[in-house]
$ cat run_33.cif   # mmCIF, C-alpha atoms
data_structure
#
loop_
_atom_site.label_atom_id
_atom_site.label_comp_id
_atom_site.auth_asym_id
_atom_site.auth_seq_id
_atom_site.Cartn_x
_atom_site.Cartn_y
_atom_site.Cartn_z
CA MET A 1 -72.21 -119.68 -62.25
CA ILE A 2 -70.88 -123.19 -62.43
CA ARG A 3 -67.54 -123.40 -64.16
CA THR A 4 -65.07 -126.23 -64.64
CA LEU A 5 -63.37 -127.10 -61.36
CA LEU A 6 -61.16 -130.02 -62.14
CA GLY A 7 -58.44 -130.85 -64.60
CA PRO A 8 -56.69 -134.20 -65.08
CA LEU A 9 -56.84 -136.57 -62.12
CA CYS A 10 -59.85 -134.73 -60.74
CA ALA A 11 -61.44 -137.86 -59.34
CA ALA A 12 -58.25 -138.87 -57.64
CA VAL A 13 -57.36 -135.69 -55.87
CA LEU A 14 -60.45 -133.66 -55.76
CA LEU A 15 -59.06 -134.93 -56.05
CA ALA A 16 -59.73 -130.70 -51.41
CA GLY A 17 -65.06 -127.73 -46.01
CA CYS A 18 -66.12 -127.05 -43.14
CA ASN A 19 -67.99 -129.78 -41.43
CA THR A 20 -68.37 -133.15 -43.02
CA PRO A 21 -71.66 -134.38 -41.52
CA GLY A 22 -71.74 -138.04 -40.73
CA ALA A 23 -67.99 -138.56 -41.03
CA PRO A 24 -66.11 -140.11 -38.11
CA THR A 25 -64.69 -137.67 -35.59
CA SER A 26 -61.28 -139.31 -35.30
CA ALA A 27 -58.51 -139.12 -37.87
CA ALA A 28 -55.12 -140.71 -38.26
CA GLY A 29 -52.13 -138.71 -37.09
CA SER A 30 -51.99 -135.43 -35.25
CA ASP A 31 -55.10 -133.33 -34.74
CA VAL A 32 -53.05 -130.19 -35.32
CA SER A 33 -53.90 -128.34 -38.53
CA GLU A 34 -50.94 -127.45 -40.72
CA ARG A 35 -50.36 -125.41 -43.81
CA PRO A 36 -49.74 -127.60 -46.85
CA ALA A 37 -46.10 -128.65 -46.71
CA ALA A 38 -45.60 -127.42 -50.26
CA ASP A 39 -46.59 -123.90 -49.13
CA GLN A 40 -44.29 -123.69 -46.13
CA PRO A 41 -41.10 -121.58 -46.21
CA VAL A 42 -38.09 -123.22 -47.85
CA THR A 43 -35.19 -122.99 -45.40
CA THR A 44 -32.50 -125.29 -46.83
CA GLN A 45 -30.90 -125.88 -50.21
CA ALA A 46 -31.95 -129.54 -50.12
CA ARG A 47 -35.57 -128.54 -49.51
CA ARG A 48 -35.42 -125.99 -52.34
CA ILE A 49 -34.17 -128.60 -54.80
CA ALA A 50 -36.66 -131.22 -53.59
CA SER A 51 -39.47 -128.71 -53.94
CA SER A 52 -38.47 -128.02 -57.53
CA HIS A 53 -38.52 -131.73 -58.35
CA VAL A 54 -41.99 -132.10 -56.81
CA GLU A 55 -43.28 -129.12 -58.76
CA LEU A 56 -41.89 -130.54 -61.98
CA GLY A 57 -43.13 -134.03 -61.17
CA THR A 58 -46.62 -132.71 -60.49
CA ALA A 59 -46.67 -131.09 -63.93
CA TYR A 60 -45.69 -134.41 -65.49
CA LEU A 61 -48.36 -136.17 -63.45
CA GLN A 62 -50.99 -133.77 -64.74
CA ALA A 63 -49.74 -134.42 -68.26
CA SER A 64 -50.08 -138.19 -67.62
CA LYS A 65 -46.33 -138.71 -68.08
CA MET A 66 -46.10 -141.17 -65.23
CA GLY A 67 -42.59 -142.47 -65.80
CA THR A 68 -41.07 -139.01 -65.57
CA ALA A 69 -43.33 -138.02 -62.67
CA ILE A 70 -42.21 -140.99 -60.58
CA GLU A 71 -38.56 -140.22 -61.35
CA GLU A 72 -39.03 -136.67 -60.09
CA ALA A 73 -40.68 -137.97 -56.92
CA HIS A 74 -37.75 -140.28 -56.26
CA TYR A 75 -35.27 -137.46 -56.89
CA ALA A 76 -37.10 -135.27 -54.37
CA ILE A 77 -37.13 -138.00 -51.72
CA ALA A 78 -33.46 -138.83 -52.25
CA ILE A 79 -32.46 -135.18 -51.86
CA ASP A 80 -34.69 -134.50 -48.84
CA PRO A 81 -36.13 -137.64 -47.21
CA SER A 82 -38.07 -135.49 -44.72
CA TYR A 83 -40.06 -133.64 -47.41
CA ALA A 84 -43.65 -134.92 -47.29
CA PRO A 85 -44.72 -133.66 -50.76
CA GLY A 86 -42.18 -135.99 -52.37
CA TYR A 87 -43.98 -139.01 -50.89
CA HIS A 88 -47.35 -137.42 -51.67
CA LEU A 89 -46.40 -137.13 -55.34
CA LEU A 90 -45.10 -140.69 -55.35
CA GLY A 91 -48.37 -141.92 -53.84
CA GLN A 92 -50.42 -140.10 -56.46
CA VAL A 93 -48.45 -141.66 -59.30
CA HIS A 94 -48.80 -145.16 -57.86
CA MET A 95 -52.51 -144.51 -57.28
CA TYR A 96 -52.95 -143.44 -60.90
CA LEU A 97 -51.19 -146.64 -62.00
CA ASN A 98 -53.41 -148.76 -59.69
CA GLU A 99 -50.34 -149.85 -57.73
CA ASN A 100 -52.25 -149.69 -54.48
CA GLU A 101 -49.75 -151.23 -52.06
CA ALA A 102 -47.01 -148.87 -53.21
CA ALA A 103 -49.44 -145.94 -53.13
CA GLN A 104 -50.47 -146.69 -49.57
CA ARG A 105 -46.87 -146.92 -48.39
CA ALA A 106 -46.08 -143.58 -49.99
CA PHE A 107 -49.16 -141.86 -48.57
CA GLN A 108 -48.38 -143.20 -45.10
CA GLU A 109 -44.83 -141.90 -45.37
CA ALA A 110 -46.19 -138.50 -46.41
CA LEU A 111 -48.70 -138.41 -43.58
CA ALA A 112 -46.08 -139.45 -41.03
CA ARG A 113 -44.03 -136.39 -41.99
CA ALA A 114 -46.94 -133.95 -42.25
CA PRO A 115 -49.97 -135.37 -40.39
CA GLY A 116 -51.91 -132.11 -40.54
CA ASP A 117 -51.32 -131.34 -44.22
CA PRO A 118 -54.77 -130.84 -45.84
CA ASP A 119 -53.65 -131.87 -49.33
CA ILE A 120 -52.19 -135.16 -48.12
CA ASN A 121 -55.21 -135.90 -45.94
CA ASN A 122 -57.50 -135.21 -48.88
CA THR A 123 -55.65 -137.41 -51.35
CA TYR A 124 -55.05 -140.29 -48.95
CA GLY A 125 -58.64 -140.03 -47.72
CA TRP A 126 -59.92 -140.42 -51.26
CA PHE A 127 -57.52 -143.30 -51.89
CA LEU A 128 -58.94 -145.10 -48.84
CA CYS A 129 -62.50 -144.44 -50.00
CA VAL A 130 -61.96 -146.02 -53.40
CA ASN A 131 -60.26 -149.02 -51.85
CA GLY A 132 -63.05 -150.15 -49.55
CA ARG A 133 -61.97 -148.26 -46.42
CA GLU A 134 -64.61 -145.58 -46.57
CA GLN A 135 -64.87 -144.79 -42.85
CA GLU A 136 -61.11 -144.25 -42.56
CA GLY A 137 -61.17 -142.19 -45.71
CA LEU A 138 -64.02 -140.00 -44.49
CA ALA A 139 -62.10 -139.26 -41.29
CA LEU A 140 -59.15 -137.92 -43.27
CA LEU A 141 -61.42 -135.98 -45.63
CA GLN A 142 -63.11 -134.36 -42.66
CA LYS A 143 -59.71 -133.41 -41.27
CA ALA A 144 -58.73 -131.83 -44.59
CA ALA A 145 -62.04 -129.98 -44.87
CA GLN A 146 -61.83 -128.50 -41.39
CA ASN A 147 -58.23 -127.32 -41.72
CA PRO A 148 -58.33 -123.49 -41.62
CA PHE A 149 -55.25 -123.35 -43.88
CA ASN A 150 -56.98 -125.27 -46.66
CA THR A 151 -57.59 -122.85 -49.52
CA THR A 152 -59.72 -125.37 -51.47
CA PRO A 153 -62.04 -126.84 -48.82
CA ALA A 154 -64.69 -127.82 -51.37
CA ARG A 155 -62.42 -130.59 -52.64
CA PRO A 156 -62.49 -132.87 -49.58
CA VAL A 157 -66.19 -132.09 -49.07
CA THR A 158 -66.89 -133.17 -52.65
CA ASN A 159 -64.76 -136.26 -52.17
CA ALA A 160 -66.74 -137.07 -49.03
CA GLY A 161 -69.91 -136.89 -51.12
CA LEU A 162 -68.43 -139.28 -53.67
CA CYS A 163 -67.35 -141.54 -50.84
CA TYR A 164 -70.89 -141.63 -49.45
CA LEU A 165 -72.19 -142.53 -52.91
CA ARG A 166 -69.88 -145.53 -52.86
CA MET A 167 -71.53 -146.46 -49.56
CA LYS A 168 -74.98 -145.99 -51.18
CA ASP A 169 -75.89 -143.25 -48.72
CA GLU A 170 -77.43 -140.68 -51.05
CA LYS A 171 -78.74 -138.42 -48.30
CA ALA A 172 -75.29 -137.96 -46.75
CA ALA A 173 -73.80 -137.58 -50.23
CA ALA A 174 -76.31 -134.87 -51.19
CA ASP A 175 -75.53 -133.00 -47.97
CA GLN A 176 -71.85 -132.98 -48.88
CA PHE A 177 -72.42 -131.87 -52.47
CA ALA A 178 -74.73 -129.07 -51.34
CA ARG A 179 -72.09 -127.92 -48.86
CA ALA A 180 -69.43 -128.08 -51.57
CA LEU A 181 -71.51 -125.80 -53.81
CA VAL A 182 -71.81 -123.28 -50.97
CA LEU A 183 -68.03 -123.33 -50.59
CA ASP A 184 -67.43 -123.22 -54.33
CA PRO A 185 -70.37 -122.35 -56.64
CA ALA A 186 -68.14 -123.30 -59.60
CA ASN A 187 -67.94 -126.94 -58.49
CA THR A 188 -69.20 -128.87 -61.51
CA VAL A 189 -68.77 -132.28 -59.88
CA ALA A 190 -71.05 -131.39 -56.98
CA ALA A 191 -73.65 -129.81 -59.29
CA TYR A 192 -73.73 -132.82 -61.61
CA GLN A 193 -74.00 -135.28 -58.74
CA LEU A 194 -76.87 -133.32 -57.16
CA GLY A 195 -78.64 -133.50 -60.52
CA GLU A 196 -78.10 -137.26 -60.71
CA ILE A 197 -79.34 -137.77 -57.16
CA ALA A 198 -82.46 -135.68 -57.84
CA TYR A 199 -83.09 -137.74 -60.99
CA ARG A 200 -82.78 -141.04 -59.15
CA GLN A 201 -85.14 -139.77 -56.47
CA GLY A 202 -87.75 -138.81 -59.05
CA ASP A 203 -87.41 -135.05 -58.54
CA TYR A 204 -87.08 -134.34 -62.25
CA VAL A 205 -87.77 -130.60 -62.06
CA ARG A 206 -84.93 -130.13 -59.58
CA ALA A 207 -82.69 -132.37 -61.67
CA ARG A 208 -83.49 -130.21 -64.71
CA ASP A 209 -82.50 -127.07 -62.81
CA PHE A 210 -79.08 -128.50 -61.98
CA VAL A 211 -78.31 -129.91 -65.41
CA THR A 212 -79.61 -126.89 -67.31
CA GLU A 213 -77.38 -124.51 -65.37
CA LEU A 214 -74.47 -126.92 -65.68
CA ASN A 215 -74.78 -127.22 -69.45
CA GLN A 216 -75.35 -123.50 -69.97
CA ALA A 217 -72.37 -122.41 -67.90
CA ASN A 218 -69.90 -125.04 -69.11
CA GLU A 219 -68.96 -127.01 -72.18
CA PRO A 220 -71.41 -129.94 -71.99
CA THR A 221 -70.01 -133.42 -71.49
CA ALA A 222 -71.44 -136.75 -72.55
CA GLU A 223 -72.51 -137.29 -68.94
CA SER A 224 -74.27 -133.96 -68.55
CA VAL A 225 -76.01 -134.23 -71.94
CA TRP A 226 -77.16 -137.75 -71.12
CA LEU A 227 -78.57 -136.59 -67.79
CA GLY A 228 -80.41 -133.74 -69.50
CA LEU A 229 -81.81 -136.11 -72.12
CA ARG A 230 -83.13 -138.53 -69.50
CA VAL A 231 -84.61 -135.72 -67.40
CA GLU A 232 -86.53 -134.25 -70.35
CA ARG A 233 -87.69 -137.72 -71.34
CA LYS A 234 -89.14 -138.25 -67.86
CA LEU A 235 -90.82 -134.83 -68.00
CA GLY A 236 -92.32 -135.61 -71.41
CA ASN A 237 -90.63 -132.70 -73.15
CA ARG A 238 -89.96 -134.35 -76.50
CA GLU A 239 -88.56 -131.25 -78.17
CA ALA A 240 -85.91 -130.74 -75.49
CA GLU A 241 -85.20 -134.47 -75.46
CA ALA A 242 -84.66 -134.43 -79.22
CA ALA A 243 -82.23 -131.52 -78.89
CA TYR A 244 -80.19 -133.49 -76.37
CA VAL A 245 -80.29 -136.56 -78.64
CA ALA A 246 -78.89 -134.48 -81.49
CA GLN A 247 -76.15 -133.11 -79.26
CA LEU A 248 -75.24 -136.59 -78.05
CA ARG A 249 -75.15 -137.89 -81.62
CA ASN A 250 -73.15 -134.99 -83.05
CA LYS A 251 -70.60 -134.49 -80.29
CA PHE A 252 -70.39 -137.78 -78.40
CA ARG A 253 -71.16 -140.47 -80.98
CA THR A 254 -68.50 -142.84 -79.60
CA SER A 255 -69.51 -142.40 -75.96
CA ARG A 256 -71.01 -145.07 -73.75
CA GLN A 257 -73.99 -142.76 -73.23
CA TYR A 258 -74.82 -142.67 -76.93
CA GLN A 259 -74.57 -146.45 -77.10
CA ASP A 260 -76.95 -146.65 -74.15
CA TYR A 261 -79.38 -144.36 -75.99
CA LEU A 262 -79.24 -146.52 -79.11
CA ALA A 263 -79.91 -149.61 -76.99
CA GLY A 264 -82.75 -147.96 -75.09
CA ARG A 265 -80.93 -148.23 -71.74
CA PHE A 266 -82.12 -145.10 -69.97
CA GLU A 267 -81.65 -146.21 -66.38
#

$ encode --input "run_33.cif" --output "structure tokens"
Amino acid sequence: MIRTLLGPLCAAVLLAGCNTPGAPTSAAGSDVSERPAADQPVTTQARRIASSHVELGTAYLQASKMGTAIEEAHYAIAIDPSYAPGYHLLGQVHMYLNENEAAQRAFQEALARAPGDPDINNTYGWFLCVNGREQEGLALLQKAAQNPFNTTPARPVTNAGLCYLRMKDEKAAADQFARALVLDPANTVAAYQLGEIAYRQGDYVRARDFVTELNQANEPTAESVWLGLRVERKLGNREAEAAYVAQLRNKFRTSRQYQDYLAGRFE
């Protein structure tokens, strides 16, 4: 069953595989795999306090309270300048705010202190992908995916798929999304993207399979309803298409997808 995988900031830190086919074999920093720094034993009072600030700041980040989140990150760094998660949190806030130079500095500081941390490699890898440095980003995502201590390996694999889509390499992207679904059958991002790829490739029956399961197992979104509508339209199933139209109109009237439907923009 496909269930919701991601909360706020999902695209940014998926926003965390074994094997990332087609990704470069080299990665920045040490090749040694590490446990996430946030999961390592706390041995000093400074580290304990810094960890608390990062935990609190992460909650504020997820609640989109960026001002407070960045304050907590700075508190953590001031208390324990060697604590990588403090810089990781700071980088995520700057990334969310589109402050890319500051985000990169923070991610580099985090990676310098914990080069094998899978969470940091995943987030910084995605940051590089969305900022035109896809090959560097894929290397870090591969490193995160192959880390045996990574408890959420589907995240960097999914991010690698999204990165390949940015490079317009749908075959490599589909390979990553399929791998992500093996690692985590509840991965809604991977399932949706496989449906979109199948639709673009003209495999409408396969696209229907993905979107039907997605919409049955989860609360439909404007994106998933729109995909289902377009699939049924291509297959000539007017009754199913009309049901999707009604759902789009009733639940997502203000969405871009509904405006596209009204304008007849199906592709």

$ closest_residue --input "run_33.cif" --among "A:Glu213, A:Glu34, A:Asp203, A:Glu101" --to "A:Ala114" --atoms "all atoms listed in the file"
A:Glu34

$ resolve_selection --input "run_33.cif" --expression "the PyMOL selection byres ((chain A and resi 249) around 12)" --output "tab-separated table (two decimals) with C-alpha atoms, in the coordinates of the input"
chain	number	residue	atom	x	y	z
A	222	ALA	CA	-71.44	-136.75	-72.55
A	225	VAL	CA	-76.01	-134.23	-71.94
A	226	TRP	CA	-77.16	-137.75	-71.12
A	229	LEU	CA	-81.81	-136.11	-72.12
A	242	ALA	CA	-84.66	-134.43	-79.22
A	243	ALA	CA	-82.23	-131.52	-78.89
A	244	TYR	CA	-80.19	-133.49	-76.37
A	245	VAL	CA	-80.29	-136.56	-78.64
A	246	ALA	CA	-78.89	-134.48	-81.49
A	247	GLN	CA	-76.15	-133.11	-79.26
A	248	LEU	CA	-75.24	-136.59	-78.05
A	250	ASN	CA	-73.15	-134.99	-83.05
A	251	LYS	CA	-70.60	-134.49	-80.29
A	252	PHE	CA	-70.39	-137.78	-78.40
A	253	ARG	CA	-71.16	-140.47	-80.98
A	254	THR	CA	-68.50	-142.84	-79.60
A	255	SER	CA	-69.51	-142.40	-75.96
A	256	ARG	CA	-71.01	-145.07	-73.75
A	257	GLN	CA	-73.99	-142.76	-73.23
A	258	TYR	CA	-74.82	-142.67	-76.93
A	259	GLN	CA	-74.57	-146.45	-77.10
A	260	ASP	CA	-76.95	-146.65	-74.15
A	261	TYR	CA	-79.38	-144.36	-75.99
A	262	LEU	CA	-79.24	-146.52	-79.11

$ atom_distance --input "run_33.cif" --atom1 "atom CA of A:Gln176" --atom2 "atom CA of A:Gly161"
4.9 Å

$ resolve_selection --input "run_33.cif" --expression "the PyMOL selection byres ((chain A and resi 85) around 8)" --output "PDB file with C-alpha atoms, keeping the file's coordinate frame"
ATOM      1  CA  ALA A  37     -46.100-128.650 -46.710  1.00  0.00           C
ATOM      2  CA  ALA A  38     -45.600-127.420 -50.260  1.00  0.00           C
ATOM      3  CA  SER A  51     -39.470-128.710 -53.940  1.00  0.00           C
ATOM      4  CA  VAL A  54     -41.990-132.100 -56.810  1.00  0.00           C
ATOM      5  CA  TYR A  83     -40.060-133.640 -47.410  1.00  0.00           C
ATOM      6  CA  ALA A  84     -43.650-134.920 -47.290  1.00  0.00           C
ATOM      7  CA  GLY A  86     -42.180-135.990 -52.370  1.00  0.00           C
ATOM      8  CA  TYR A  87     -43.980-139.010 -50.890  1.00  0.00           C
ATOM      9  CA  HIS A  88     -47.350-137.420 -51.670  1.00  0.00           C
ATOM     10  CA  LEU A  89     -46.400-137.130 -55.340  1.00  0.00           C
ATOM     11  CA  ALA A 110     -46.190-138.500 -46.410  1.00  0.00           C
TER      12      ALA A 110
END

$ resolve_selection --input "run_33.cif" --expression "the PyMOL selection byres ((chain A and resi 204) around 10)" --output "PDB file with C-alpha atoms, keeping the file's coordinate frame"
ATOM      1  CA  GLY A 195     -78.640-133.500 -60.520  1.00  0.00           C
ATOM      2  CA  GLU A 196     -78.100-137.260 -60.710  1.00  0.00           C
ATOM      3  CA  ILE A 197     -79.340-137.770 -57.160  1.00  0.00           C
ATOM      4  CA  ALA A 198     -82.460-135.680 -57.840  1.00  0.00           C
ATOM      5  CA  TYR A 199     -83.090-137.740 -60.990  1.00  0.00           C
ATOM      6  CA  ARG A 200     -82.780-141.040 -59.150  1.00  0.00           C
ATOM      7  CA  GLN A 201     -85.140-139.770 -56.470  1.00  0.00           C
ATOM      8  CA  GLY A 202     -87.750-138.810 -59.050  1.00  0.00           C
ATOM      9  CA  ASP A 203     -87.410-135.050 -58.540  1.00  0.00           C
ATOM     10  CA  VAL A 205     -87.770-130.600 -62.060  1.00  0.00           C
ATOM     11  CA  ARG A 206     -84.930-130.130 -59.580  1.00  0.00           C
ATOM     12  CA  ALA A 207     -82.690-132.370 -61.670  1.00  0.00           C
ATOM     13  CA  ARG A 208     -83.490-130.210 -64.710  1.00  0.00           C
ATOM     14  CA  ASP A 209     -82.500-127.070 -62.810  1.00  0.00           C
ATOM     15  CA  PHE A 210     -79.080-128.500 -61.980  1.00  0.00           C
ATOM     16  CA  GLY A 228     -80.410-133.740 -69.500  1.00  0.00           C
ATOM     17  CA  ARG A 230     -83.130-138.530 -69.500  1.00  0.00           C
ATOM     18  CA  VAL A 231     -84.610-135.720 -67.400  1.00  0.00           C
ATOM     19  CA  GLU A 232     -86.530-134.250 -70.350  1.00  0.00           C
ATOM     20  CA  ARG A 233     -87.690-137.720 -71.340  1.00  0.00           C
ATOM     21  CA  LYS A 234     -89.140-138.250 -67.860  1.00  0.00           C
ATOM     22  CA  LEU A 235     -90.820-134.830 -68.000  1.00  0.00           C
TER      23      LEU A 235
END

$ closest_residue --input "run_33.cif" --among "A:Gly67, A:Val157, A:Leu194, A:Arg47" --to "A:Ala144" --atoms "all atoms listed in the file"
A:Val157

$ residues_around --input "run_33.cif" --residues "A:Phe177" --least-positions-apart "4" --cutoff "9 Å" --atoms "all atoms listed in the file" --output "VMD selection string"
chain A and resid 154 157 to 162 172 to 173 181 to 182 187 189 to 191 193 to 194

$ write_last_selection --input "run_33.cif" --atoms "C-alpha atoms" --output "JSON list (two decimals), keeping the file's coordinate frame"
[["chain", "number", "residue", "atom", "x", "y", "z"],
["A", 154, "ALA", "CA", -64.69, -127.82, -51.37],
["A", 157, "VAL", "CA", -66.19, -132.09, -49.07],
["A", 158, "THR", "CA", -66.89, -133.17, -52.65],
["A", 159, "ASN", "CA", -64.76, -136.26, -52.17],
["A", 160, "ALA", "CA", -66.74, -137.07, -49.03],
["A", 161, "GLY", "CA", -69.91, -136.89, -51.12],
["A", 162, "LEU", "CA", -68.43, -139.28, -53.67],
["A", 172, "ALA", "CA", -75.29, -137.96, -46.75],
["A", 173, "ALA", "CA", -73.80, -137.58, -50.23],
["A", 181, "LEU", "CA", -71.51, -125.80, -53.81],
["A", 182, "VAL", "CA", -71.81, -123.28, -50.97],
["A", 187, "ASN", "CA", -67.94, -126.94, -58.49],
["A", 189, "VAL", "CA", -68.77, -132.28, -59.88],
["A", 190, "ALA", "CA", -71.05, -131.39, -56.98],
["A", 191, "ALA", "CA", -73.65, -129.81, -59.29],
["A", 193, "GLN", "CA", -74.00, -135.28, -58.74],
["A", 194, "LEU", "CA", -76.87, -133.32, -57.16]]

$ closest_residue --input "run_33.cif" --among "A:Thr68, A:Ser52, A:Gln146, A:Gln216" --to "A:Val93" --atoms "all atoms listed in the file"
A:Thr68

$ closest_residue --input "run_33.cif" --among "A:Asn147, A:Ile77, A:Thr212, A:Leu56" --to "A:Ala240" --atoms "all atoms listed in the file"
A:Thr212

$ atom_distance --input "run_33.cif" --atom1 "atom CA of A:Glu219" --atom2 "atom CA of A:Glu170"
26.6 Å

$ axis_aligned_box --input "run_33.cif" --around "stretch 210-216 of chain A" --padding-each-side "8 Å" --output "JSON"
{"center_x": -77.0, "center_y": -126.7, "center_z": -66.0, "size_x": 21.1, "size_y": 22.4, "size_z": 24.0}

$ closest_residue --input "run_33.cif" --among "A:Lys143, A:Asp175, A:Met95, A:Ala50" --to "A:His74" --atoms "only C-alpha atoms"
A:Ala50

$ closest_residue --input "run_33.cif" --among "A:Ala178, A:Leu165, A:Cys129, A:Leu183" --to "A:Thr151" --atoms "all atoms listed in the file"
A:Leu183

$ atom_distance --input "run_33.cif" --atom1 "atom CA of A:Ala139" --atom2 "atom CA of A:Ala103"
18.6 Å

$ residues_around --input "run_33.cif" --residues "A:Gly125" --least-positions-apart "6" --cutoff "6 Å" --atoms "only C-alpha atoms" --output "count of residues only"
3

$ residues_near_point --input "run_33.cif" --point "(-42.8, -136.7, -61.8)" --cutoff "10 Å" --atoms "all atoms listed in the file" --output "PyMOL selection string"
chain A and resi 53-76+86+89-90+92-93

$ build_atoms --input "run_33.cif" --residues "stretch 100-111 of chain A" --atoms "N, CA and C atoms" --output "CSV table (one decimal), in the frame of the given file"
chain,number,residue,atom,x,y,z
A,100,ASN,N,-51.7,-150.1,-55.7
A,100,ASN,CA,-52.2,-149.7,-54.5
A,100,ASN,C,-51.4,-149.9,-53.3
A,101,GLU,N,-50.6,-151.0,-53.2
A,101,GLU,CA,-49.8,-151.2,-52.1
A,101,GLU,C,-48.7,-150.2,-52.0
A,102,ALA,N,-48.1,-149.9,-53.2
A,102,ALA,CA,-47.0,-148.9,-53.2
A,102,ALA,C,-47.6,-147.5,-52.9
A,103,ALA,N,-48.8,-147.2,-53.4
A,103,ALA,CA,-49.4,-145.9,-53.1
A,103,ALA,C,-49.7,-145.8,-51.6
A,104,GLN,N,-50.2,-146.8,-51.0
A,104,GLN,CA,-50.5,-146.7,-49.6
A,104,GLN,C,-49.2,-146.4,-48.8
A,105,ARG,N,-48.1,-147.1,-49.1
A,105,ARG,CA,-46.9,-146.9,-48.4
A,105,ARG,C,-46.4,-145.5,-48.5
A,106,ALA,N,-46.5,-145.0,-49.8
A,106,ALA,CA,-46.1,-143.6,-50.0
A,106,ALA,C,-47.0,-142.6,-49.2
A,107,PHE,N,-48.3,-142.8,-49.3
A,107,PHE,CA,-49.2,-141.9,-48.6
A,107,PHE,C,-48.9,-141.9,-47.1
A,108,GLN,N,-48.7,-143.1,-46.5
A,108,GLN,CA,-48.4,-143.2,-45.1
A,108,GLN,C,-47.1,-142.5,-44.7
A,109,GLU,N,-46.1,-142.6,-45.6
A,109,GLU,CA,-44.8,-141.9,-45.4
A,109,GLU,C,-45.1,-140.4,-45.4
A,110,ALA,N,-45.9,-139.9,-46.3
A,110,ALA,CA,-46.2,-138.5,-46.4
A,110,ALA,C,-46.9,-138.0,-45.2
A,111,LEU,N,-47.9,-138.8,-44.7
A,111,LEU,CA,-48.7,-138.4,-43.6
A,111,LEU,C,-47.9,-138.5,-42.3
